[in-house]
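Data file: data-v3.pdb. Format and content: PDB, C-alpha atoms and all ligand atoms.
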```
ATOM      1  CA  MET A 440       0.000   0.000   0.000
ATOM      2  CA  LYS A 441       1.623   3.278  -1.115
ATOM      3  CA  HIS A 442      -1.172   5.683  -0.140
ATOM      4  CA  LEU A 443      -4.415   5.442   1.833
ATOM      5  CA  LEU A 444      -6.788   7.484  -0.320
ATOM      6  CA  SER A 445      -9.747   5.139  -0.235
ATOM      7  CA  MET A 446     -10.581   2.242   2.061
ATOM      8  CA  GLU A 447     -10.096   0.192  -1.086
ATOM      9  CA  ASP A 448      -6.341   0.883  -0.976
ATOM     10  CA  ALA A 449      -6.185  -1.071   2.284
ATOM     11  CA  LYS A 450      -8.086  -4.103   1.027
ATOM     12  CA  ASP A 451      -5.114  -6.438   1.570
ATOM     13  CA  HIS A 452      -4.062  -4.847   4.862
ATOM     14  CA  VAL A 453      -7.203  -4.636   6.973
ATOM     15  CA  HIS A 454      -6.334  -7.557   9.224
ATOM     16  CA  GLU A 455      -2.719  -6.366   9.576
ATOM     17  CA  ILE A 456      -3.819  -2.831  10.505
ATOM     18  CA  LEU A 457      -6.295  -4.097  13.104
ATOM     19  CA  VAL A 458      -3.702  -6.399  14.674
ATOM     20  CA  LEU A 459      -1.126  -3.602  14.716
ATOM     21  CA  ALA A 460      -3.643  -1.166  16.211
ATOM     22  CA  GLY A 461      -4.404  -3.661  18.984
ATOM     23  CA  LYS A 462      -0.681  -4.025  19.688
ATOM     24  CA  PHE A 463      -0.200  -0.259  19.856
ATOM     25  CA  LYS A 464      -3.178  -0.011  22.196
ATOM     26  CA  ARG A 465      -1.710  -2.626  24.550
ATOM     27  CA  GLY A 466       1.758  -1.040  24.383
ATOM     28  CA  GLU A 467       3.264  -4.093  22.686
ATOM     29  CA  ILE A 468       5.329  -2.207  20.096
ATOM     30  CA  PRO A 469       8.289  -0.705  21.917
ATOM     31  CA  GLY A 470      10.595   2.110  20.859
ATOM     32  CA  GLU A 471      10.113   4.907  18.411
ATOM     33  CA  PRO A 472       9.628   3.337  14.980
ATOM     34  CA  LEU A 473       9.019   6.738  13.336
ATOM     35  CA  ALA A 474      11.925   8.587  14.979
ATOM     36  CA  LYS A 475      12.914  11.678  12.966
ATOM     37  CA  LYS A 476       9.957  11.227  10.602
ATOM     38  CA  THR A 477       7.623  14.132   9.827
ATOM     39  CA  LEU A 478       3.968  14.059   8.860
ATOM     40  CA  ALA A 479       2.458  17.131   7.195
ATOM     41  CA  MET A 480      -1.252  17.529   7.965
ATOM     42  CA  ILE A 481      -3.234  19.747   5.601
ATOM     43  CA  PHE A 482      -6.669  20.776   6.823
ATOM     44  CA  GLU A 483      -9.281  22.458   4.614
ATOM     45  CA  LYS A 484     -11.958  21.691   7.213
ATOM     46  CA  ALA A 485     -12.250  21.614  10.996
ATOM     47  CA  SER A 486     -11.185  18.596  13.033
ATOM     48  CA  THR A 487     -10.839  17.497  16.638
ATOM     49  CA  ARG A 488     -10.205  13.733  16.589
ATOM     50  CA  THR A 489      -8.338  13.399  13.317
ATOM     51  CA  ARG A 490      -5.962  16.244  14.030
ATOM     52  CA  ILE A 491      -5.238  15.241  17.615
ATOM     53  CA  SER A 492      -4.915  11.511  16.965
ATOM     54  CA  PHE A 493      -2.497  12.017  14.069
ATOM     55  CA  GLU A 494      -0.472  14.605  15.961
ATOM     56  CA  VAL A 495      -0.286  12.609  19.187
ATOM     57  CA  GLY A 496       0.229   9.392  17.219
ATOM     58  CA  MET A 497       3.268  10.790  15.410
ATOM     59  CA  TYR A 498       4.696  12.073  18.694
ATOM     60  CA  GLN A 499       4.226   8.707  20.399
ATOM     61  CA  LEU A 500       5.935   6.955  17.485
ATOM     62  CA  GLY A 501       8.958   9.224  17.859
ATOM     63  CA  GLY A 502       8.197  11.575  14.973
ATOM     64  CA  THR A 503       6.569  14.924  14.593
ATOM     65  CA  ALA A 504       3.512  16.371  12.841
ATOM     66  CA  LEU A 505       2.956  19.768  11.203
ATOM     67  CA  TYR A 506      -0.519  21.294  11.315
ATOM     68  CA  LEU A 507      -1.058  23.212   8.076
ATOM     69  CA  SER A 508      -4.374  24.913   7.543
ATOM     70  CA  LYS A 509      -5.084  25.624   3.896
ATOM     71  CA  ASP A 510      -5.238  29.349   4.600
ATOM     72  CA  ASP A 511      -1.711  29.348   5.983
ATOM     73  CA  LEU A 512      -0.330  27.654   2.886
ATOM     74  CA  GLN A 513       0.174  29.228  -0.554
ATOM     75  CA  LEU A 514      -2.560  26.755  -1.547
ATOM     76  CA  GLY A 515      -4.959  29.294  -0.078
ATOM     77  CA  ARG A 516      -3.528  31.976  -2.393
ATOM     78  CA  GLY A 517      -3.776  30.014  -5.609
ATOM     79  CA  GLU A 518      -0.741  27.705  -5.697
ATOM     80  CA  ILE A 519      -2.004  24.551  -7.360
ATOM     81  CA  VAL A 520      -2.285  21.221  -5.547
ATOM     82  CA  GLU A 521       0.248  19.589  -7.889
ATOM     83  CA  ASP A 522       2.979  22.141  -7.096
ATOM     84  CA  THR A 523       2.245  21.995  -3.378
ATOM     85  CA  ALA A 524       2.559  18.207  -3.483
ATOM     86  CA  LYS A 525       5.830  18.223  -5.431
ATOM     87  CA  ALA A 526       7.475  20.668  -3.034
ATOM     88  CA  MET A 527       5.999  19.452   0.249
ATOM     89  CA  SER A 528       6.757  15.795  -0.337
ATOM     90  CA  ARG A 529      10.477  16.611  -0.608
ATOM     91  CA  TYR A 530      10.485  17.778   3.029
ATOM     92  CA  VAL A 531       8.268  15.292   4.797
ATOM     93  CA  ASP A 532       7.822  11.518   5.089
ATOM     94  CA  GLY A 533       4.038  11.482   4.830
ATOM     95  CA  VAL A 534       1.104  13.810   4.198
ATOM     96  CA  MET A 535      -2.365  13.589   5.702
ATOM     97  CA  ILE A 536      -5.022  15.666   3.974
ATOM     98  CA  ARG A 537      -8.534  16.606   5.050
ATOM     99  CA  ALA A 538      -9.927  18.062   1.847
ATOM    100  CA  ILE A 539     -13.195  19.362   0.546
ATOM    101  CA  GLU A 540     -12.797  17.575  -2.791
ATOM    102  CA  HIS A 541     -11.686  13.941  -2.936
ATOM    103  CA  GLU A 542     -10.252  14.729  -6.361
ATOM    104  CA  ASP A 543      -7.670  17.066  -4.750
ATOM    105  CA  VAL A 544      -6.336  14.266  -2.549
ATOM    106  CA  LEU A 545      -5.961  12.051  -5.623
ATOM    107  CA  LYS A 546      -4.157  14.868  -7.470
ATOM    108  CA  PHE A 547      -1.873  15.433  -4.493
ATOM    109  CA  SER A 548      -0.967  11.739  -4.313
ATOM    110  CA  GLN A 549      -0.155  11.610  -8.037
ATOM    111  CA  ASN A 550       2.442  14.349  -7.502
ATOM    112  CA  SER A 551       3.815  13.267  -4.130
ATOM    113  CA  ASN A 552       6.948  11.255  -3.376
ATOM    114  CA  ALA A 553       5.635  10.682   0.125
ATOM    115  CA  PRO A 554       2.665   8.493   1.141
ATOM    116  CA  VAL A 555      -0.649  10.377   1.288
ATOM    117  CA  ILE A 556      -3.411   9.601   3.775
ATOM    118  CA  ASN A 557      -7.028  10.679   3.333
ATOM    119  CA  GLY A 558      -8.101  12.319   6.594
ATOM    120  CA  LEU A 559     -11.671  12.823   5.246
ATOM    121  CA  THR A 560     -13.025  14.067   1.947
ATOM    122  CA  ASN A 561     -16.529  14.512   0.536
ATOM    123  CA  LEU A 562     -16.306  10.864  -0.588
ATOM    124  CA  GLU A 563     -14.529   8.851   2.098
ATOM    125  CA  HIS A 564     -13.134   8.688   5.613
ATOM    126  CA  PRO A 565     -10.998   5.521   5.659
ATOM    127  CA  CYS A 566      -9.120   6.281   8.902
ATOM    128  CA  GLN A 567     -12.447   6.396  10.713
ATOM    129  CA  ALA A 568     -13.407   2.966   9.387
ATOM    130  CA  PHE A 569     -10.351   1.305  10.956
ATOM    131  CA  ALA A 570     -11.233   2.708  14.371
ATOM    132  CA  ASP A 571     -14.807   1.518  13.832
ATOM    133  CA  LEU A 572     -13.759  -2.041  12.992
ATOM    134  CA  LEU A 573     -11.395  -2.116  15.967
ATOM    135  CA  THR A 574     -14.166  -0.975  18.311
ATOM    136  CA  ILE A 575     -16.666  -3.504  16.969
ATOM    137  CA  TYR A 576     -14.158  -6.342  17.268
ATOM    138  CA  GLU A 577     -13.194  -5.362  20.814
ATOM    139  CA  ARG A 578     -16.803  -5.467  21.990
ATOM    140  CA  LYS A 579     -18.196  -8.289  19.877
ATOM    141  CA  LYS A 580     -15.070 -10.431  19.261
ATOM    142  CA  SER A 581     -16.333 -11.110  15.742
ATOM    143  CA  PHE A 582     -17.382  -9.531  12.474
ATOM    144  CA  ASP A 583     -19.959 -12.241  11.882
ATOM    145  CA  MET A 584     -22.800  -9.815  12.485
ATOM    146  CA  LYS A 585     -24.943  -7.057  11.019
ATOM    147  CA  LEU A 586     -24.427  -3.308  11.263
ATOM    148  CA  ALA A 587     -27.039  -0.682  10.444
ATOM    149  CA  PHE A 588     -25.707   2.716   9.387
ATOM    150  CA  VAL A 589     -28.604   5.079  10.075
ATOM    151  CA  GLY A 590     -28.806   8.478   8.370
ATOM    152  CA  ASP A 591     -26.814  10.018   5.553
ATOM    153  CA  GLY A 592     -25.031   7.742   3.055
ATOM    154  CA  ASN A 593     -21.992  10.009   3.345
ATOM    155  CA  ASN A 594     -18.171   9.782   3.444
ATOM    156  CA  VAL A 595     -18.159   7.795   6.712
ATOM    157  CA  CYS A 596     -20.788   5.410   5.345
ATOM    158  CA  ASN A 597     -18.909   4.912   2.062
ATOM    159  CA  SER A 598     -15.672   3.849   3.739
ATOM    160  CA  LEU A 599     -17.558   1.660   6.183
ATOM    161  CA  LEU A 600     -19.293  -0.152   3.302
ATOM    162  CA  LEU A 601     -15.925  -1.118   1.855
ATOM    163  CA  ALA A 602     -14.602  -2.013   5.321
ATOM    164  CA  SER A 603     -17.637  -4.227   6.012
ATOM    165  CA  ALA A 604     -17.207  -5.947   2.662
ATOM    166  CA  PHE A 605     -13.543  -6.698   3.433
ATOM    167  CA  VAL A 606     -14.219  -8.239   6.858
ATOM    168  CA  GLY A 607     -17.406 -10.042   5.834
ATOM    169  CA  MET A 608     -19.771  -8.033   8.048
ATOM    170  CA  ASP A 609     -23.360  -7.460   6.870
ATOM    171  CA  MET A 610     -24.339  -3.807   6.592
ATOM    172  CA  ASN A 611     -27.656  -2.055   6.039
ATOM    173  CA  VAL A 612     -27.507   1.583   4.988
ATOM    174  CA  VAL A 613     -30.741   2.917   6.438
ATOM    175  CA  CYS A 614     -31.378   6.268   4.819
ATOM    176  CA  PRO A 615     -34.123   8.481   3.418
ATOM    177  CA  PRO A 616     -34.564   8.323  -0.362
ATOM    178  CA  GLY A 617     -32.041  10.618  -2.033
ATOM    179  CA  TYR A 618     -29.334  10.107   0.635
ATOM    180  CA  GLU A 619     -27.968   6.782  -0.569
ATOM    181  CA  PRO A 620     -24.216   6.112  -0.504
ATOM    182  CA  ASP A 621     -22.014   6.775  -3.532
ATOM    183  CA  VAL A 622     -23.146   4.536  -6.409
ATOM    184  CA  GLU A 623     -19.634   3.545  -7.525
ATOM    185  CA  ILE A 624     -18.463   2.738  -4.010
ATOM    186  CA  PHE A 625     -21.574   0.693  -3.319
ATOM    187  CA  LYS A 626     -20.935  -1.293  -6.521
ATOM    188  CA  LYS A 627     -17.303  -1.871  -5.560
ATOM    189  CA  ALA A 628     -18.247  -2.890  -2.032
ATOM    190  CA  LYS A 629     -20.808  -5.366  -3.390
ATOM    191  CA  LYS A 630     -18.118  -6.879  -5.610
ATOM    192  CA  TYR A 631     -15.774  -7.415  -2.633
ATOM    193  CA  ALA A 632     -18.675  -8.611  -0.483
ATOM    194  CA  LYS A 633     -19.276 -11.482  -2.886
ATOM    195  CA  LYS A 634     -15.906 -12.906  -1.869
ATOM    196  CA  THR A 635     -16.412 -12.560   1.891
ATOM    197  CA  GLY A 636     -20.140 -13.284   2.044
ATOM    198  CA  ALA A 637     -21.063  -9.870   3.507
ATOM    199  CA  GLU A 638     -24.622  -8.814   2.709
ATOM    200  CA  LEU A 639     -24.833  -5.096   1.877
ATOM    201  CA  LYS A 640     -28.230  -3.447   1.528
ATOM    202  CA  ILE A 641     -29.774   0.000   1.195
ATOM    203  CA  ILE A 642     -33.066   0.211   3.077
ATOM    204  CA  ASN A 643     -35.313   3.267   3.382
ATOM    205  CA  ASP A 644     -37.601   1.813   6.068
ATOM    206  CA  ILE A 645     -35.873   2.603   9.352
ATOM    207  CA  GLU A 646     -37.521  -0.053  11.539
ATOM    208  CA  LYS A 647     -36.882  -2.741   8.960
ATOM    209  CA  GLY A 648     -33.303  -1.535   8.522
ATOM    210  CA  VAL A 649     -32.359  -1.890  12.186
ATOM    211  CA  GLN A 650     -34.385  -5.065  12.849
ATOM    212  CA  GLY A 651     -32.224  -7.444  14.897
ATOM    213  CA  VAL A 652     -28.923  -5.739  14.036
ATOM    214  CA  ASP A 653     -25.868  -6.029  16.292
ATOM    215  CA  VAL A 654     -24.413  -2.574  15.683
ATOM    216  CA  VAL A 655     -26.255   0.731  15.172
ATOM    217  CA  TYR A 656     -24.037   3.468  13.730
ATOM    218  CA  THR A 657     -24.933   7.045  12.961
ATOM    219  CA  ASP A 658     -23.306  10.297  11.855
ATOM    220  CA  VAL A 659     -24.427  13.909  11.586
ATOM    221  CA  TRP A 660     -27.257  14.851   9.231
ATOM    222  CA  ILE A 661     -25.367  17.966   8.141
ATOM    223  CA  SER A 662     -21.781  17.172   7.214
ATOM    224  CA  MET A 663     -19.133  19.860   6.830
ATOM    225  CA  GLY A 664     -19.985  21.580   3.570
ATOM    226  CA  ASP A 665     -23.724  20.728   3.719
ATOM    227  CA  GLU A 666     -24.616  23.742   5.886
ATOM    228  CA  GLU A 667     -26.634  25.456   3.154
ATOM    229  CA  GLU A 668     -29.016  22.483   3.049
ATOM    230  CA  ALA A 669     -29.411  22.435   6.839
ATOM    231  CA  SER A 670     -33.161  23.005   7.089
ATOM    232  CA  LYS A 671     -34.005  20.612   4.248
ATOM    233  CA  ARG A 672     -31.805  17.945   5.780
ATOM    234  CA  ILE A 673     -33.262  18.328   9.274
ATOM    235  CA  ASN A 674     -36.653  17.778   7.705
ATOM    236  CA  ASP A 675     -35.615  14.854   5.483
ATOM    237  CA  PHE A 676     -33.809  12.995   8.286
ATOM    238  CA  SER A 677     -36.353  13.653  11.040
ATOM    239  CA  ASP A 678     -37.475   9.994  11.168
ATOM    240  CA  TYR A 679     -33.915   8.656  11.172
ATOM    241  CA  GLN A 680     -32.862   9.380  14.749
ATOM    242  CA  VAL A 681     -31.055   6.856  16.928
ATOM    243  CA  ASN A 682     -33.116   6.872  20.107
ATOM    244  CA  LYS A 683     -34.500   4.504  22.737
ATOM    245  CA  ASN A 684     -37.479   3.518  20.603
ATOM    246  CA  LEU A 685     -35.379   2.736  17.573
ATOM    247  CA  MET A 686     -33.000   0.606  19.652
ATOM    248  CA  LYS A 687     -35.949  -1.638  20.646
ATOM    249  CA  HIS A 688     -35.869  -2.974  17.075
ATOM    250  CA  ALA A 689     -32.167  -3.843  17.217
ATOM    251  CA  ASP A 690     -30.731  -6.889  18.985
ATOM    252  CA  ASN A 691     -30.913  -6.674  22.804
ATOM    253  CA  ASP A 692     -27.117  -6.570  22.992
ATOM    254  CA  ALA A 693     -26.700  -4.149  20.107
ATOM    255  CA  MET A 694     -23.925  -1.599  20.419
ATOM    256  CA  ILE A 695     -24.092   2.051  19.362
ATOM    257  CA  LEU A 696     -21.374   3.851  17.407
ATOM    258  CA  HIS A 697     -20.968   7.444  16.205
ATOM    259  CA  CYS A 698     -17.850   8.827  14.512
ATOM    260  CA  LEU A 699     -18.417  12.219  16.241
ATOM    261  CA  PRO A 700     -18.944  15.139  16.413
ATOM    262  CA  ALA A 701     -22.557  14.430  17.469
ATOM    263  CA  ILE A 702     -25.503  16.797  17.473
ATOM    264  CA  ARG A 703     -27.675  15.644  20.359
ATOM    265  CA  GLY A 704     -31.371  15.790  19.485
ATOM    266  CA  GLN A 705     -30.705  15.441  15.743
ATOM    267  CA  GLU A 706     -29.188  12.128  14.612
ATOM    268  CA  ILE A 707     -28.930  10.732  18.155
ATOM    269  CA  THR A 708     -30.368  11.450  21.579
ATOM    270  CA  ALA A 709     -28.140  12.237  24.557
ATOM    271  CA  ASP A 710     -29.325   9.153  26.488
ATOM    272  CA  MET A 711     -28.133   6.876  23.678
ATOM    273  CA  ILE A 712     -24.672   8.477  23.628
ATOM    274  CA  ASN A 713     -24.400   7.817  27.358
ATOM    275  CA  SER A 714     -26.113   4.417  27.395
ATOM    276  CA  PRO A 715     -24.248   1.197  28.305
ATOM    277  CA  LYS A 716     -24.854   0.154  24.694
ATOM    278  CA  SER A 717     -22.666   2.994  23.475
ATOM    279  CA  SER A 718     -18.986   2.391  22.643
ATOM    280  CA  ILE A 719     -18.611   5.890  21.252
ATOM    281  CA  TRP A 720     -15.785   7.000  23.527
ATOM    282  CA  ASP A 721     -13.781   3.804  22.919
ATOM    283  CA  GLN A 722     -14.364   4.429  19.227
ATOM    284  CA  ALA A 723     -12.961   7.948  19.562
ATOM    285  CA  GLU A 724      -9.949   6.624  21.493
ATOM    286  CA  ASN A 725      -9.379   3.955  18.876
ATOM    287  CA  ARG A 726      -8.743   6.620  16.250
ATOM    288  CA  LEU A 727      -5.345   7.065  17.913
ATOM    289  CA  HIS A 728      -4.418   3.373  17.885
ATOM    290  CA  ALA A 729      -5.665   2.866  14.326
ATOM    291  CA  GLN A 730      -3.848   5.992  13.136
ATOM    292  CA  LYS A 731      -0.580   4.733  14.602
ATOM    293  CA  ALA A 732      -1.023   1.438  12.766
ATOM    294  CA  VAL A 733      -1.638   3.236   9.454
ATOM    295  CA  LEU A 734       1.324   5.575   9.994
ATOM    296  CA  TYR A 735       3.603   2.689  10.946
ATOM    297  CA  LEU A 736       2.625   0.718   7.861
ATOM    298  CA  LEU A 737       2.956   3.622   5.416
ATOM    299  CA  ILE A 738       5.890   5.596   6.780
ATOM    300  CA  SER A 739       8.268   3.361   8.765
TER     301      SER A 739
HETATM  302  N1  LIG A 801     -14.564  11.590  13.450
HETATM  303  C1  LIG A 801     -13.745  12.599  13.045
HETATM  304  O1  LIG A 801     -13.081  12.521  11.998
HETATM  305  O2  LIG A 801     -13.697  13.637  13.910
HETATM  306  P1  LIG A 801     -13.029  15.055  13.630
HETATM  307  O3  LIG A 801     -13.826  15.729  12.546
HETATM  308  O4  LIG A 801     -13.089  15.747  14.940
HETATM  309  O5  LIG A 801     -11.623  14.832  13.159
HETATM  310  N1  LIG A 802     -19.749  13.156   7.789
HETATM  311  C1  LIG A 802     -19.083  14.077   8.664
HETATM  312  C2  LIG A 802     -17.997  13.366   9.395
HETATM  313  C3  LIG A 802     -17.204  14.191  10.357
HETATM  314  C4  LIG A 802     -16.102  13.424  10.983
HETATM  315  C5  LIG A 802     -18.547  15.257   7.861
HETATM  316  O1  LIG A 802     -18.066  15.039   6.749
HETATM  317  O2  LIG A 802     -18.630  16.387   8.331
END
```

Now that the file is in, can you turn its structure into structure tokens?
Amino acid sequence: MKHLLSMEDAKDHVHEILVLAGKFKRGEIPGEPLAKKTLAMIFEKASTRTRISFEVGMYQLGGTALYLSKDDLQLGRGEIVEDTAKAMSRYVDGVMIRAIEHEDVLKFSQNSNAPVINGLTNLEHPCQAFADLLTIYERKKSFDMKLAFVGDGNNVCNSLLLASAFVGMDMNVVCPPGYEPDVEIFKKAKKYAKKTGAELKIINDIEKGVQGVDVVYTDVWISMGDEEEASKRINDFSDYQVNKNLMKHADNDAMILHCLPAIRGQEITADMINSPKSSIWDQAENRLHAQKAVLYLLIS
């Protein structure tokens, strides 16, 4: 794996990354495997977890991370992505990018000598999916189960579809009509799912979609960049809230996940975030361990 632009890039490394992440979490990888290495982190959008987990992860691995907001770079004044990539990748050992357009991350990688990691785009959020798989495996000790992703078929959902296909986990995308996941990614995920036996479905009926599932996952209704559609979205998603009533349709032992940030009272109620079913804070913590595994694999 040269870059991690899509979850698809990691298709042959999912098991390895999860094992490595577990080892980092338990402190089983000693020393500073990324000593003297530098990660550049370009942010076109806000971030709490991604920024902190990459920055702390690099530090813990013996390296360092540079926070570069687009506005502080010449990128914000019209330097093209290709030129930025050619110059930047001569200084650093890896580049993480949180970009508005997925296309820009692809362009960057095509002009970069250093590995490029997608830290969220309009299309995908692969780093999140590793933390999600790790959290599910820790609690359930298996991927032989069914996950319902409730809400917007967005970047988080797209990467999770590919991740589910790779590990053989069934996944229902439970969304209002018009908010289905990316067509191409869904097709790809279905192709991989044939090999692992994962059943991937898009279901508009929320009760049917969560019936008997083992994992209920949700994300914000209004992703970064969707703010102009806020009132339409709040209306369209109003029946797709993860709450106590909805959880009655899931398995009794179902767990709740959310990539965060959460808007209480929209996609999820506060009591569900705090419920014993929720593994949301472990999931947030696992971003760090998963990030270290990805960095170790790509940069060391
Ligand atoms: N889940 C996630 O990527 O969080 P941030 O936007 O805070 O990085
Ligand atoms: N779908 C959300 C995820 C945030 C981590 C967004 O893109 O804003």

Selection result of the PyMOL selection byres (((chain A and resi 643) around 7) and not hetatm) on this file, as a PyMOL selection string: chain A and resi 613-616+641-642+644-645

Next, dump the selected residues to file, keeping only C-alpha atoms, as a JSON list (two decimals), in the coordinates of the input.
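Once everything was written out, this is out.json:
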```
[["chain", "number", "residue", "atom", "x", "y", "z"],
["A", 613, "VAL", "CA", -30.74, 2.92, 6.44],
["A", 614, "CYS", "CA", -31.38, 6.27, 4.82],
["A", 615, "PRO", "CA", -34.12, 8.48, 3.42],
["A", 616, "PRO", "CA", -34.56, 8.32, -0.36],
["A", 641, "ILE", "CA", -29.77, 0.00, 1.20],
["A", 642, "ILE", "CA", -33.07, 0.21, 3.08],
["A", 644, "ASP", "CA", -37.60, 1.81, 6.07],
["A", 645, "ILE", "CA", -35.87, 2.60, 9.35]]
```

Since I can't run it myself right now, could you work out what the PyMOL selection byres (((chain A and resi 538) around 8) and not hetatm) selects here and report it as a list of chain:residue names?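 Evaluating the PyMOL selection byres (((chain A and resi 538) around 8) and not hetatm) on these coordinates yields A:Ile481, A:Phe482, A:Glu483, A:Lys484, A:Ile536, A:Arg537, A:Ile539, A:Glu540, A:His541, A:Asp543, A:Val544, A:Gly558, A:Leu559, A:Thr560, A:Asn561.
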
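With the cut-off set to 7 Å and only C-alpha atoms and all ligand atoms counted, the residues surrounding ligand LIG 801 (chain A) are A:Ala485, A:Ser486, A:Thr487, A:Arg488, A:Thr489, A:Arg490, A:Leu559, A:Gln567, A:Cys698, A:Leu699, A:Pro700.
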
Given only C-alpha atoms and all ligand atoms as the counted atoms, nearest of A:Val733, A:Asp721, A:Val681, A:Gly592 to ligand LIG 802 (chain A):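 The shortest atom-to-atom distance to ligand LIG 802 (chain A) comes from A:Gly592.
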
Could you give me, as a count of residues only, every polymer residue with an atom at most 6 Å away from an atom of ligand LIG 802 (chain A), counting only C-alpha atoms and all ligand atoms? 6

How far is it from CA of Leu572 (chain A) to CA of His697 (chain A), in Å with one decimal? 12.3 Å

Convert the output of the PyMOL selection byres (((chain A and resi 599-610) around 8) and not hetatm) on the shown file into explicit residues, formatted as a PyMOL selection string. chain A and resi 446-447+450+453+565+568-569+572+582-588+595-598+611-612+624-625+627-629+631-632+635-640

Computed interatomic separation between CA of Ile468 (chain A) and CA of Met497 (chain A) (Å):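 Distance reported for this atom pair: 14.0 Å.
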
Mind pulling up the distance from CA of Asp571 (chain A) to CA of Ile661 (chain A)?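 Atom-to-atom, CA of Ile661 (chain A) to CA of Asp571 (chain A), that is 20.4 Å.
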
Report the centre and edge lengths, in Å to one decimal, of an axis-aligned box enclosing every atom of region 618-632 of chain A listed in the file, padded by 5 Å on each side, as lines of an AutoDock Vina configuration file.
```
center_x = -22.6
center_y = 0.7
center_z = -3.4
size_x = 23.6
size_y = 28.7
size_z = 18.2
```

Between A:Val589, A:Ile575, A:Leu478, A:Ile456, which residue has the minimum interatomic distance to Val659 (chain A), considering only C-alpha atoms?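 Closest residue, counting only C-alpha atoms: A:Val589.
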
List as a PyMOL selection string the residues having at least one atom at most 12 Å from position (-32.7, -3.8, 21.3) as given in the file, counting all atoms listed in the file. chain A and resi 646+649-655+681-695+711+716

Quick one: everything within 6 Å of region 666-680 of chain A, counting only C-alpha atoms, minus sequence neighbours fewer than 6 positions away in the same chain. Send it as a list in words.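 Listed by chain and then number, they are Gly590, Glu706 and Ile707 of chain A.
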
Tell me which of A:Asp710, A:Ser548, A:Gly664, A:Leu505 sits closest to Ser528 (chain A), counting only C-alpha atoms. A:Ser548

Selection near Phe547 (chain A), 8 Å with only C-alpha atoms, sequence-local residues under 4 positions removed, as a list in words: Val520, Glu521, Thr523, Ala524, Asp543, Ser551 and Val555 of chain A

Counting all atoms listed in the file, the option among A:Val534, A:Leu457, A:Pro554, A:Thr503 closest to Glu471 (chain A):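 So, comparing all the options, the nearest one is A:Thr503.
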
I'd like to know which of A:Gly517, A:Ser581, A:Ala504, A:Gly533 is closest to Tyr735 (chain A), using only C-alpha atoms. A:Gly533

Using all atoms listed in the file, which residues sit within 10 Å of Met440 (chain A) once same-chain residues fewer than 3 positions away are excluded, as a PyMOL selection string? chain A and resi 443+448-452+554+736-737
